[in-house]
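S.K.: So here's entry_17.tsv, just TSV, N, CA and C atoms:
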```
chain	number	residue	atom	x	y	z
A	15	MET	N	-71.94	7.57	-29.90
A	15	MET	CA	-72.05	6.68	-28.78
A	15	MET	C	-71.26	5.40	-29.11
A	16	THR	N	-70.41	5.00	-28.19
A	16	THR	CA	-69.60	3.80	-28.41
A	16	THR	C	-70.42	2.56	-28.05
A	17	THR	N	-69.91	1.41	-28.43
A	17	THR	CA	-70.58	0.15	-28.13
A	17	THR	C	-70.69	-0.03	-26.63
A	18	GLU	N	-69.63	0.31	-25.92
A	18	GLU	CA	-69.62	0.19	-24.46
A	18	GLU	C	-70.71	1.05	-23.83
A	19	GLU	N	-70.81	2.30	-24.26
A	19	GLU	CA	-71.83	3.20	-23.73
A	19	GLU	C	-73.23	2.68	-24.05
A	20	TYR	N	-73.43	2.18	-25.27
A	20	TYR	CA	-74.73	1.66	-25.66
A	20	TYR	C	-75.13	0.47	-24.79
A	21	LEU	N	-74.23	-0.49	-24.62
A	21	LEU	CA	-74.54	-1.68	-23.83
A	21	LEU	C	-74.83	-1.33	-22.38
A	22	LEU	N	-74.03	-0.43	-21.81
A	22	LEU	CA	-74.26	-0.03	-20.42
A	22	LEU	C	-75.59	0.71	-20.27
A	23	LYS	N	-75.93	1.54	-21.24
A	23	LYS	CA	-77.20	2.27	-21.17
A	23	LYS	C	-78.37	1.31	-21.36
A	24	GLN	N	-78.24	0.37	-22.28
A	24	GLN	CA	-79.32	-0.56	-22.60
A	24	GLN	C	-79.52	-1.61	-21.51
A	25	TYR	N	-78.42	-2.20	-20.99
A	25	TYR	CA	-78.53	-3.35	-20.09
A	25	TYR	C	-78.00	-3.11	-18.68
A	26	GLY	N	-77.21	-2.08	-18.47
A	26	GLY	CA	-76.61	-1.86	-17.17
A	26	GLY	C	-75.34	-2.69	-17.01
A	27	PRO	N	-74.76	-2.72	-15.81
A	27	PRO	CA	-73.49	-3.43	-15.61
A	27	PRO	C	-73.61	-4.96	-15.67
A	28	LEU	N	-74.81	-5.49	-15.43
A	28	LEU	CA	-75.03	-6.93	-15.50
A	28	LEU	C	-76.14	-7.25	-16.48
A	29	MET	N	-75.93	-8.26	-17.29
A	29	MET	CA	-76.94	-8.68	-18.27
A	29	MET	C	-77.53	-10.01	-17.82
A	30	SER	N	-78.84	-10.15	-18.00
A	30	SER	CA	-79.50	-11.41	-17.68
A	30	SER	C	-79.40	-12.35	-18.87
A	31	MET	N	-79.86	-13.57	-18.67
A	31	MET	CA	-79.88	-14.56	-19.75
A	31	MET	C	-80.76	-14.05	-20.90
A	32	THR	N	-81.85	-13.39	-20.57
A	32	THR	CA	-82.75	-12.83	-21.58
A	32	THR	C	-82.07	-11.72	-22.37
A	33	ASP	N	-81.27	-10.90	-21.69
A	33	ASP	CA	-80.54	-9.83	-22.37
A	33	ASP	C	-79.52	-10.39	-23.36
A	34	ILE	N	-78.80	-11.42	-22.93
A	34	ILE	CA	-77.81	-12.06	-23.82
A	34	ILE	C	-78.52	-12.66	-25.03
A	35	ALA	N	-79.66	-13.29	-24.78
A	35	ALA	CA	-80.43	-13.90	-25.88
A	35	ALA	C	-80.88	-12.84	-26.87
A	36	ALA	N	-81.34	-11.70	-26.38
A	36	ALA	CA	-81.77	-10.61	-27.27
A	36	ALA	C	-80.59	-10.06	-28.05
A	37	LEU	N	-79.46	-9.91	-27.41
A	37	LEU	CA	-78.26	-9.38	-28.06
A	37	LEU	C	-77.79	-10.30	-29.18
A	38	LEU	N	-77.88	-11.61	-28.95
A	38	LEU	CA	-77.41	-12.58	-29.93
A	38	LEU	C	-78.53	-13.08	-30.85
A	39	ASP	N	-79.73	-12.54	-30.69
A	39	ASP	CA	-80.90	-12.91	-31.49
A	39	ASP	C	-81.18	-14.41	-31.40
A	40	ARG	N	-81.21	-14.91	-30.18
A	40	ARG	CA	-81.50	-16.31	-29.89
A	40	ARG	C	-82.58	-16.36	-28.81
A	41	SER	N	-83.10	-17.53	-28.55
A	41	SER	CA	-84.05	-17.69	-27.45
A	41	SER	C	-83.27	-17.89	-26.15
A	42	PRO	N	-83.85	-17.50	-25.02
A	42	PRO	CA	-83.16	-17.72	-23.74
A	42	PRO	C	-82.86	-19.20	-23.51
A	43	GLU	N	-83.76	-20.08	-23.92
A	43	GLU	CA	-83.52	-21.52	-23.75
A	43	GLU	C	-82.35	-21.97	-24.62
A	44	GLY	N	-82.24	-21.42	-25.83
A	44	GLY	CA	-81.13	-21.76	-26.70
A	44	GLY	C	-79.80	-21.32	-26.13
A	45	ILE	N	-79.77	-20.16	-25.50
A	45	ILE	CA	-78.55	-19.67	-24.84
A	45	ILE	C	-78.19	-20.57	-23.67
A	46	ARG	N	-79.20	-20.95	-22.89
A	46	ARG	CA	-78.97	-21.83	-21.73
A	46	ARG	C	-78.36	-23.16	-22.18
A	47	VAL	N	-78.91	-23.75	-23.23
A	47	VAL	CA	-78.39	-25.01	-23.75
A	47	VAL	C	-76.97	-24.83	-24.28
A	48	ALA	N	-76.73	-23.73	-25.00
A	48	ALA	CA	-75.41	-23.47	-25.57
A	48	ALA	C	-74.36	-23.28	-24.47
A	49	LEU	N	-74.75	-22.68	-23.35
A	49	LEU	CA	-73.79	-22.45	-22.27
A	49	LEU	C	-73.34	-23.74	-21.60
A	50	TYR	N	-74.22	-24.71	-21.56
A	50	TYR	CA	-73.87	-25.94	-20.86
A	50	TYR	C	-73.39	-27.04	-21.80
A	51	SER	N	-73.05	-26.66	-23.01
A	51	SER	CA	-72.38	-27.58	-23.93
A	51	SER	C	-71.03	-26.95	-24.27
A	52	ASP	N	-70.17	-27.72	-24.88
A	52	ASP	CA	-68.82	-27.22	-25.18
A	52	ASP	C	-68.80	-26.62	-26.59
A	53	THR	N	-69.15	-25.34	-26.66
A	53	THR	CA	-69.16	-24.63	-27.94
A	53	THR	C	-68.27	-23.40	-27.85
A	54	ASP	N	-68.04	-22.79	-28.98
A	54	ASP	CA	-67.23	-21.58	-29.03
A	54	ASP	C	-67.87	-20.46	-28.20
A	55	VAL	N	-69.17	-20.31	-28.34
A	55	VAL	CA	-69.89	-19.27	-27.60
A	55	VAL	C	-69.81	-19.52	-26.10
A	56	SER	N	-69.97	-20.77	-25.68
A	56	SER	CA	-69.93	-21.05	-24.25
A	56	SER	C	-68.54	-20.79	-23.67
A	57	ARG	N	-67.49	-21.11	-24.44
A	57	ARG	CA	-66.13	-20.86	-23.96
A	57	ARG	C	-65.86	-19.36	-23.81
A	58	LYS	N	-66.52	-18.55	-24.62
A	58	LYS	CA	-66.34	-17.10	-24.52
A	58	LYS	C	-67.19	-16.49	-23.41
A	59	LEU	N	-68.40	-17.01	-23.21
A	59	LEU	CA	-69.32	-16.41	-22.25
A	59	LEU	C	-69.16	-16.91	-20.82
A	60	LYS	N	-68.69	-18.13	-20.63
A	60	LYS	CA	-68.58	-18.68	-19.27
A	60	LYS	C	-67.71	-17.83	-18.34
A	61	PRO	N	-66.58	-17.28	-18.80
A	61	PRO	CA	-65.80	-16.44	-17.88
A	61	PRO	C	-66.52	-15.15	-17.47
A	62	THR	N	-67.55	-14.76	-18.19
A	62	THR	CA	-68.27	-13.52	-17.86
A	62	THR	C	-69.45	-13.78	-16.93
A	63	MET	N	-69.74	-15.06	-16.63
A	63	MET	CA	-70.90	-15.42	-15.81
A	63	MET	C	-70.68	-15.07	-14.34
A	64	LEU	N	-71.78	-14.68	-13.72
A	64	LEU	CA	-71.79	-14.37	-12.30
A	64	LEU	C	-73.08	-14.93	-11.73
A	65	ARG	N	-72.97	-15.79	-10.75
A	65	ARG	CA	-74.17	-16.36	-10.13
A	65	ARG	C	-74.49	-15.58	-8.86
A	66	ILE	N	-75.75	-15.18	-8.77
A	66	ILE	CA	-76.26	-14.53	-7.56
A	66	ILE	C	-77.46	-15.37	-7.14
A	67	GLY	N	-77.26	-16.19	-6.14
A	67	GLY	CA	-78.29	-17.14	-5.77
A	67	GLY	C	-78.46	-18.15	-6.88
A	68	ARG	N	-79.67	-18.30	-7.37
A	68	ARG	CA	-79.93	-19.23	-8.46
A	68	ARG	C	-79.91	-18.53	-9.82
A	69	ARG	N	-79.78	-17.22	-9.81
A	69	ARG	CA	-79.80	-16.47	-11.05
A	69	ARG	C	-78.41	-16.36	-11.66
A	70	VAL	N	-78.39	-16.29	-12.98
A	70	VAL	CA	-77.13	-16.17	-13.70
A	70	VAL	C	-77.12	-14.82	-14.42
A	71	TYR	N	-76.07	-14.08	-14.20
A	71	TYR	CA	-75.88	-12.79	-14.87
A	71	TYR	C	-74.55	-12.82	-15.60
A	72	PHE	N	-74.38	-11.85	-16.49
A	72	PHE	CA	-73.15	-11.74	-17.26
A	72	PHE	C	-72.66	-10.31	-17.13
A	73	ARG	N	-71.37	-10.15	-16.93
A	73	ARG	CA	-70.79	-8.81	-16.81
A	73	ARG	C	-70.77	-8.17	-18.20
A	74	THR	N	-71.46	-7.05	-18.34
A	74	THR	CA	-71.67	-6.42	-19.64
A	74	THR	C	-70.38	-6.09	-20.36
A	75	LEU	N	-69.43	-5.47	-19.69
A	75	LEU	CA	-68.19	-5.07	-20.35
A	75	LEU	C	-67.36	-6.28	-20.76
A	76	GLN	N	-67.40	-7.34	-19.98
A	76	GLN	CA	-66.68	-8.55	-20.36
A	76	GLN	C	-67.35	-9.25	-21.53
A	77	VAL	N	-68.68	-9.17	-21.61
A	77	VAL	CA	-69.41	-9.74	-22.76
A	77	VAL	C	-68.99	-9.02	-24.03
A	78	LYS	N	-68.88	-7.70	-23.94
A	78	LYS	CA	-68.45	-6.91	-25.10
A	78	LYS	C	-67.08	-7.36	-25.58
A	79	GLU	N	-66.17	-7.56	-24.67
A	79	GLU	CA	-64.82	-8.00	-25.03
A	79	GLU	C	-64.82	-9.45	-25.54
A	80	ALA	N	-65.57	-10.32	-24.88
A	80	ALA	CA	-65.59	-11.74	-25.25
A	80	ALA	C	-66.16	-11.95	-26.63
A	81	LEU	N	-67.18	-11.19	-26.98
A	81	LEU	CA	-67.82	-11.35	-28.28
A	81	LEU	C	-67.27	-10.39	-29.32
A	82	ALA	N	-66.24	-9.64	-28.95
A	82	ALA	CA	-65.59	-8.68	-29.86
A	82	ALA	C	-66.61	-7.74	-30.47
A	83	LEU	N	-67.38	-7.09	-29.59
A	83	LEU	CA	-68.42	-6.18	-30.04
A	83	LEU	C	-67.94	-4.73	-30.10
A	84	ASP	N	-66.65	-4.51	-30.17
A	84	ASP	CA	-66.15	-3.14	-30.20
A	84	ASP	C	-65.90	-2.71	-31.64
A	85	GLY	N	-66.98	-2.60	-32.37
A	85	GLY	CA	-66.90	-2.22	-33.77
A	85	GLY	C	-66.86	-0.72	-33.97
A	86	GLY	N	-66.72	0.04	-32.92
A	86	GLY	CA	-66.66	1.49	-33.05
A	86	GLY	C	-67.94	2.14	-32.57
A	87	ALA	N	-68.22	3.28	-33.14
A	87	ALA	CA	-69.37	4.08	-32.72
A	87	ALA	C	-70.66	3.55	-33.34
A	88	ILE	N	-71.74	3.65	-32.58
A	88	ILE	CA	-73.07	3.30	-33.06
A	88	ILE	C	-73.81	4.59	-33.34
A	89	VAL	N	-74.37	4.71	-34.49
A	89	VAL	CA	-75.07	5.95	-34.87
A	89	VAL	C	-76.54	5.81	-34.63
```
Can you turn what I pasted into structure tokens?
M.R.:
Amino acid sequence: MTTEEYLLKQYGPLMSMTDIAALLDRSPEGIRVALYSDTDVSRKLKPTMLRIGRRVYFRTLQVKEALALDGGAIV
């Protein structure tokens, strides 16, 4: 199973703030604070953000590319 297949199976095409926090082993509040400050992580994740109403989602495949999570197959 590739990283792409794993992420899509685990989170679907859109990831919530909680999903990103779990993936990065951070708290959702910590991710929220990091996104609204000028950090390396925020510069990578902001282009993947999608707002639907008041909710913020992240495009799963773009998150994989932004965080360079294509380390090959997951066993």
S.K.: Can you list, as a PyMOL selection string, all residues belonging to chain A that DSSP tags as strand (DSSP E or B)?
M.R.: chain A and resi 16+28-30+63-66+69-73+87
S.K.: Using N, CA and C atoms, can you export the residues from the last selection as a PDB file, keeping the file's coordinate frame?
M.R.:
```pdb
ATOM      1  N   THR A  16     -70.410   5.000 -28.190  1.00  0.00           N
ATOM      2  CA  THR A  16     -69.600   3.800 -28.410  1.00  0.00           C
ATOM      3  C   THR A  16     -70.420   2.560 -28.050  1.00  0.00           C
ATOM      4  N   LEU A  28     -74.810  -5.490 -15.430  1.00  0.00           N
ATOM      5  CA  LEU A  28     -75.030  -6.930 -15.500  1.00  0.00           C
ATOM      6  C   LEU A  28     -76.140  -7.250 -16.480  1.00  0.00           C
ATOM      7  N   MET A  29     -75.930  -8.260 -17.290  1.00  0.00           N
ATOM      8  CA  MET A  29     -76.940  -8.680 -18.270  1.00  0.00           C
ATOM      9  C   MET A  29     -77.530 -10.010 -17.820  1.00  0.00           C
ATOM     10  N   SER A  30     -78.840 -10.150 -18.000  1.00  0.00           N
ATOM     11  CA  SER A  30     -79.500 -11.410 -17.680  1.00  0.00           C
ATOM     12  C   SER A  30     -79.400 -12.350 -18.870  1.00  0.00           C
ATOM     13  N   MET A  63     -69.740 -15.060 -16.630  1.00  0.00           N
ATOM     14  CA  MET A  63     -70.900 -15.420 -15.810  1.00  0.00           C
ATOM     15  C   MET A  63     -70.680 -15.070 -14.340  1.00  0.00           C
ATOM     16  N   LEU A  64     -71.780 -14.680 -13.720  1.00  0.00           N
ATOM     17  CA  LEU A  64     -71.790 -14.370 -12.300  1.00  0.00           C
ATOM     18  C   LEU A  64     -73.080 -14.930 -11.730  1.00  0.00           C
ATOM     19  N   ARG A  65     -72.970 -15.790 -10.750  1.00  0.00           N
ATOM     20  CA  ARG A  65     -74.170 -16.360 -10.130  1.00  0.00           C
ATOM     21  C   ARG A  65     -74.490 -15.580  -8.860  1.00  0.00           C
ATOM     22  N   ILE A  66     -75.750 -15.180  -8.770  1.00  0.00           N
ATOM     23  CA  ILE A  66     -76.260 -14.530  -7.560  1.00  0.00           C
ATOM     24  C   ILE A  66     -77.460 -15.370  -7.140  1.00  0.00           C
ATOM     25  N   ARG A  69     -79.780 -17.220  -9.810  1.00  0.00           N
ATOM     26  CA  ARG A  69     -79.800 -16.470 -11.050  1.00  0.00           C
ATOM     27  C   ARG A  69     -78.410 -16.360 -11.660  1.00  0.00           C
ATOM     28  N   VAL A  70     -78.390 -16.290 -12.980  1.00  0.00           N
ATOM     29  CA  VAL A  70     -77.130 -16.170 -13.700  1.00  0.00           C
ATOM     30  C   VAL A  70     -77.120 -14.820 -14.420  1.00  0.00           C
ATOM     31  N   TYR A  71     -76.070 -14.080 -14.200  1.00  0.00           N
ATOM     32  CA  TYR A  71     -75.880 -12.790 -14.870  1.00  0.00           C
ATOM     33  C   TYR A  71     -74.550 -12.820 -15.600  1.00  0.00           C
ATOM     34  N   PHE A  72     -74.380 -11.850 -16.490  1.00  0.00           N
ATOM     35  CA  PHE A  72     -73.150 -11.740 -17.260  1.00  0.00           C
ATOM     36  C   PHE A  72     -72.660 -10.310 -17.130  1.00  0.00           C
ATOM     37  N   ARG A  73     -71.370 -10.150 -16.930  1.00  0.00           N
ATOM     38  CA  ARG A  73     -70.790  -8.810 -16.810  1.00  0.00           C
ATOM     39  C   ARG A  73     -70.770  -8.170 -18.200  1.00  0.00           C
ATOM     40  N   ALA A  87     -68.220   3.280 -33.140  1.00  0.00           N
ATOM     41  CA  ALA A  87     -69.370   4.080 -32.720  1.00  0.00           C
ATOM     42  C   ALA A  87     -70.660   3.550 -33.340  1.00  0.00           C
TER      43      ALA A  87
END
```
S.K.: Stretch 19-86 of chain A: which residues are alpha helix (DSSP H) by DSSP, as a ChimeraX atom specification?
M.R.: /A:19-25,31-38,42-49,54-59,74-80
S.K.: Taking all atoms listed in the file into account, name the residue in A:Ala35, A:Lys58, A:Arg40, A:Val47 that is nearest to A:Glu79.
M.R.: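 Among the listed residues, the smallest separation from A:Glu79 belongs to A:Lys58.
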S.K.: Using all atoms listed in the file, which of the listed residues (A:Leu81, A:Leu75, A:Val55, A:Val70) sits closest to A:Pro27?
M.R.: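 Of the candidates, the smallest distance to A:Pro27 is held by A:Leu75.
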S.K.: Can you pull out the residues contacting A:Met31? Cut-off 7 Å, using only N, CA and C atoms, and skip same-chain residues under 5 positions away; I want them as a count of residues only.
M.R.: 6
